Amino acid sequence: MATEKQIFNQIVSTKNIRKITASMKMVSAAKLKGDENRLAAAIPFNAWTSNLCSEPTLVEDATFEELPEKTLIVPFTSDKGLCGGVNSFITRSVKKMITTLESQGKSADVVVVGDKGRGQLNRTHGEKILRSATDVVSPGSFTLASALASEIAAAGADDYDAICIVYNSFVNAAVYNQMYKVITPFNIHGEDGGVLPAYDFDSDKPEAMGDLYEYMIASQLFHSFMDGAASEQSSRMTAMENASKNAGEMIDSLTLRYNRARQARITTELIEIISGASALDD
């Protein structure tokens with residue numbers, strides 16, 4: 001059984017932890033406001049891509065039948081923990097996607113963003129990871145998204161039939177969903193004239209469309225990064241709030257144990273004093 005001193009030390013340690021988690025909740029709440037503003041600016045910035053690629057799809061209950069034979073999956077995770085299940089949900093979705101595609105006779109490789117996603121996927125699908133981007137600077141910017149797009153291009157994105165971005169989509173401070181977006185290369189030589197048949201190009205059209213494709217990837221990555229950052233902060237805020245609440249409940253429980261142990265010690269001392277006094281009287 002723990003002594004009074006040990007229980008008291010546990011109470012002090014738990015109170016210190018509650019101070020830390022409460023502070024982290026306040027910091028996340030402040031950062032969430034900035035991430036929401038950046039996400040609000042990224043949505044119209046990325047709106048033009050909706051005419052050239054598919055709309056985001058909810059991962060839950062998805063069959064992934066629309067994905068082509070060879071897909072490059074780009075999951076967005078974080079470099080830091082203590083943010084609830086944002087990273088676990090993404091890696092679980094990627095594992096589900098890989099398993100489903102393999103059962104359909106298709107193949108998939110992964111370029112993972114974030115150290116937590118790399119660590120979790122490396123345990124089960126390490127052979128699928130081509131590259132990883134860690135220590136990503138926060139808050140993100142389009143320059144960072146362009147650098148990520150260059151990394152994806154260096155990983156051989158042109159050799160794949162599609163790029164699938166998996167990310168957390170922010171709904172509100174308490175809700176976020178796992179979504180995926182499919183980006184396919186432009187069909188320049190289609191029967192109907194390919195992409196943008198009514199437009200004339202000053203330079204070589206295949207070269208111009210290749211540059212536009214890379215810019216579209218960067219734009220989609222930028223939006224996904226902003227969406228994931230807001231989801232991460234909202235999840236961290238909720239996680240720290242729950243941690244503070246659990247710490248408070250633990251403090252109450254430890255305080256009750258401490259008071260019982262103290263009362264038992266006092267009672268034992270009183271019994272010893274009374275017994276000694278009775279022995280002297282006899």
# chains A, B, ... in the order shown; residues from 1 in each chain; ligands from 1
$ residues_around --residues "stretch 43-56 of chain A" --least-positions-apart "6" --cutoff "9 Å" --atoms "only C-alpha atoms" --output "list in words"
Met179, Tyr180, Lys181, Val182, Ile183, Thr184, Phe186, Val195, Met216, Ser219, Gln220, Phe222 and His223 of chain A
$ write_last_selection --atoms "C-alpha atoms" --output "JSON list (two decimals), in the first residue's frame"
[["chain", "number", "residue", "atom", "x", "y", "z"],
["A", 179, "MET", "CA", -11.03, 12.35, -47.04],
["A", 180, "TYR", "CA", -9.09, 11.47, -50.17],
["A", 181, "LYS", "CA", -8.62, 13.29, -53.48],
["A", 182, "VAL", "CA", -7.61, 11.64, -56.75],
["A", 183, "ILE", "CA", -5.44, 13.65, -59.15],
["A", 184, "THR", "CA", -4.92, 12.12, -62.58],
["A", 186, "PHE", "CA", -4.06, 15.32, -68.15],
["A", 195, "VAL", "CA", -7.76, 18.76, -71.98],
["A", 216, "MET", "CA", -2.40, 21.61, -59.58],
["A", 219, "SER", "CA", -2.44, 23.65, -55.03],
["A", 220, "GLN", "CA", -4.16, 20.47, -53.82],
["A", 222, "PHE", "CA", -1.59, 23.31, -50.03],
["A", 223, "HIS", "CA", -5.32, 22.94, -49.39]]
$ select_by_dssp --residues "stretch 52-260 of chain A" --states "helix (DSSP H, G or I)" --output "PyMOL selection string"
chain A and resi 86-103+115-128+142-154+157-159+205-260
$ closest_atom_pairs --of "stretch 66-116 of chain A" --to "stretch 141-161 of chain A" --cutoff "8 Å" --atoms "only C-alpha atoms" --output "tab-separated table"
residue	atom	partner	partner_atom	distance
A:Pro68	CA	A:Asp161	CA	6.1
A:Glu69	CA	A:Asp161	CA	6.9
A:Lys70	CA	A:Asp161	CA	5.4
A:Thr71	CA	A:Tyr160	CA	5.6
A:Leu72	CA	A:Tyr160	CA	6.4
A:Val111	CA	A:Ile152	CA	7.0
$ residues_around --residues "stretch 259-266 of chain A" --least-positions-apart "4" --cutoff "7 Å" --atoms "only C-alpha atoms" --output "PyMOL selection string"
chain A and resi 4+255+270
$ write_last_selection --atoms "N, CA, C and O atoms" --output "short mmCIF file (atom, residue, chain, number, x, y, z; two decimals), in the first residue's frame"
data_model
loop_
_atom_site.label_atom_id
_atom_site.label_comp_id
_atom_site.auth_asym_id
_atom_site.auth_seq_id
_atom_site.Cartn_x
_atom_site.Cartn_y
_atom_site.Cartn_z
N GLU A 4 1.62 7.83 2.80
CA GLU A 4 1.10 9.19 2.64
C GLU A 4 2.01 10.04 1.76
O GLU A 4 1.54 10.78 0.89
N THR A 255 -6.56 12.37 -3.66
CA THR A 255 -6.81 13.15 -2.44
C THR A 255 -7.65 12.36 -1.46
O THR A 255 -7.40 12.39 -0.24
N LEU A 270 -3.70 7.68 17.91
CA LEU A 270 -4.57 7.91 19.07
C LEU A 270 -4.79 6.63 19.86
O LEU A 270 -4.77 6.64 21.11
#
$ select_by_dssp --residues "stretch 22-250 of chain A" --states "strand (DSSP E)" --output "ChimeraX atom specification"
/A:57-58,70-75,107-113,129-133,162-172,175-183
$ closest_atom_pairs --of "stretch 159-254 of chain A" --to "stretch 7-21 of chain A" --cutoff "8 Å" --atoms "only C-alpha atoms" --output "CSV"
residue,atom,partner,partner_atom,distance
A:Met240,CA,A:Thr21,CA,5.2
A:Glu241,CA,A:Thr21,CA,7.2
A:Ala243,CA,A:Thr21,CA,6.5
A:Ser244,CA,A:Arg18,CA,5.0
A:Ala247,CA,A:Arg18,CA,5.8
A:Gly248,CA,A:Arg18,CA,7.2
A:Met250,CA,A:Thr14,CA,7.6
A:Ile251,CA,A:Ile11,CA,5.8
A:Leu254,CA,A:Ile11,CA,6.3
$ write_last_selection --atoms "N, CA and C atoms" --output "compact mmCIF listing (two decimals), in the first residue's frame"
# COMPACT_ATOMS: atom_id res chain seq x y z
N MET A 240 -6.22 17.61 -25.07
CA MET A 240 -5.69 18.24 -23.87
C MET A 240 -6.81 18.58 -22.88
N GLU A 241 -7.99 18.91 -23.40
CA GLU A 241 -9.13 19.15 -22.51
C GLU A 241 -9.51 17.86 -21.78
N ALA A 243 -7.49 15.34 -21.24
CA ALA A 243 -6.39 15.01 -20.33
C ALA A 243 -6.48 15.82 -19.04
N SER A 244 -6.84 17.10 -19.16
CA SER A 244 -6.99 17.93 -17.97
C SER A 244 -8.14 17.43 -17.10
N ALA A 247 -7.01 14.27 -15.39
CA ALA A 247 -6.08 14.59 -14.31
C ALA A 247 -6.82 15.10 -13.09
N GLY A 248 -7.87 15.91 -13.30
CA GLY A 248 -8.66 16.38 -12.18
C GLY A 248 -9.35 15.24 -11.44
N MET A 250 -8.29 12.17 -11.35
CA MET A 250 -7.24 11.41 -10.66
C MET A 250 -6.81 12.12 -9.38
N ILE A 251 -6.74 13.46 -9.43
CA ILE A 251 -6.38 14.22 -8.24
C ILE A 251 -7.42 14.02 -7.15
N LEU A 254 -6.88 10.53 -5.72
CA LEU A 254 -5.67 10.46 -4.89
C LEU A 254 -5.85 11.24 -3.59
$ residues_around --residues "A:Leu82" --least-positions-apart "4" --cutoff "9 Å" --atoms "only C-alpha atoms" --output "PDB file with N, CA and C atoms, in the first residue's frame"
ATOM      1  N   SER A 235      -8.074  18.637 -32.782  1.00  0.00           N
ATOM      2  CA  SER A 235      -7.960  17.366 -32.078  1.00  0.00           C
ATOM      3  C   SER A 235      -7.051  17.493 -30.860  1.00  0.00           C
ATOM      4  N   ARG A 236      -5.950  18.257 -30.993  1.00  0.00           N
ATOM      5  CA  ARG A 236      -5.054  18.456 -29.844  1.00  0.00           C
ATOM      6  C   ARG A 236      -5.761  19.233 -28.738  1.00  0.00           C
ATOM      7  N   ALA A 239      -8.031  16.754 -27.064  1.00  0.00           N
ATOM      8  CA  ALA A 239      -7.247  15.770 -26.320  1.00  0.00           C
ATOM      9  C   ALA A 239      -6.713  16.357 -25.020  1.00  0.00           C
ATOM     10  N   MET A 240      -6.222  17.607 -25.072  1.00  0.00           N
ATOM     11  CA  MET A 240      -5.693  18.241 -23.866  1.00  0.00           C
ATOM     12  C   MET A 240      -6.815  18.576 -22.882  1.00  0.00           C
TER      13      MET A 240
END
$ atom_distance --atom1 "atom CA of A:Thr134" --atom2 "atom CA of A:Thr63"
29.6 Å
$ residues_around --residues "A:Val112" --least-positions-apart "5" --cutoff "6 Å" --atoms "only C-alpha atoms" --output "MDAnalysis selection string"
chainID A and resid 74:75 132
$ write_last_selection --atoms "all heavy atoms" --output "PDB file, in the first residue's frame"
ATOM      1  N   VAL A  74      -0.515   9.735 -51.012  1.00  0.00           N
ATOM      2  CA  VAL A  74       0.192  10.764 -50.238  1.00  0.00           C
ATOM      3  C   VAL A  74      -0.633  11.071 -48.982  1.00  0.00           C
ATOM      4  O   VAL A  74      -1.567  11.877 -49.033  1.00  0.00           O
ATOM      5  CB  VAL A  74       0.403  12.047 -51.066  1.00  0.00           C
ATOM      6  CG1 VAL A  74       1.202  13.072 -50.257  1.00  0.00           C
ATOM      7  CG2 VAL A  74       1.117  11.735 -52.374  1.00  0.00           C
ATOM      8  N   PRO A  75      -0.331  10.412 -47.851  1.00  0.00           N
ATOM      9  CA  PRO A  75      -1.061  10.697 -46.611  1.00  0.00           C
ATOM     10  C   PRO A  75      -0.449  11.887 -45.867  1.00  0.00           C
ATOM     11  O   PRO A  75       0.774  12.043 -45.806  1.00  0.00           O
ATOM     12  CB  PRO A  75      -0.897   9.403 -45.807  1.00  0.00           C
ATOM     13  CG  PRO A  75       0.389   8.825 -46.287  1.00  0.00           C
ATOM     14  CD  PRO A  75       0.569   9.258 -47.712  1.00  0.00           C
ATOM     15  N   SER A 132       9.622  10.114 -47.604  1.00  0.00           N
ATOM     16  CA  SER A 132       8.891  10.698 -46.480  1.00  0.00           C
ATOM     17  C   SER A 132       9.380  12.119 -46.264  1.00  0.00           C
ATOM     18  O   SER A 132      10.575  12.407 -46.433  1.00  0.00           O
ATOM     19  CB  SER A 132       9.078   9.876 -45.200  1.00  0.00           C
ATOM     20  OG  SER A 132      10.440   9.803 -44.850  1.00  0.00           O
TER      21      SER A 132
END
$ residues_around --residues "A:Gly117" --least-positions-apart "6" --cutoff "12 Å" --atoms "only C-alpha atoms" --output "PyMOL selection string"
chain A and resi 74-81+85-95+110-111+123-126+129+131-134+166-167
$ closest_residue --among "A:Ile165, A:Ile98, A:Ile73, A:Leu32" --to "A:Phe225" --atoms "only C-alpha atoms"
A:Ile165
$ closest_residue --among "A:Gly114, A:Ala30, A:Pro139, A:Ala22" --to "A:Met226" --atoms "only C-alpha atoms"
A:Pro139
$ closest_residue --among "A:Leu280, A:Ala162, A:Leu256, A:Ser234" --to "A:Met26" --atoms "only C-alpha atoms"
A:Ser234
$ closest_residue --among "A:Thr238, A:Ser103, A:Ser224, A:Ser138" --to "A:Ala174" --atoms "only C-alpha atoms"
A:Thr238
$ closest_residue --among "A:Ser203, A:Ala173, A:Tyr215, A:Glu249" --to "A:Pro185" --atoms "only C-alpha atoms"
A:Tyr215
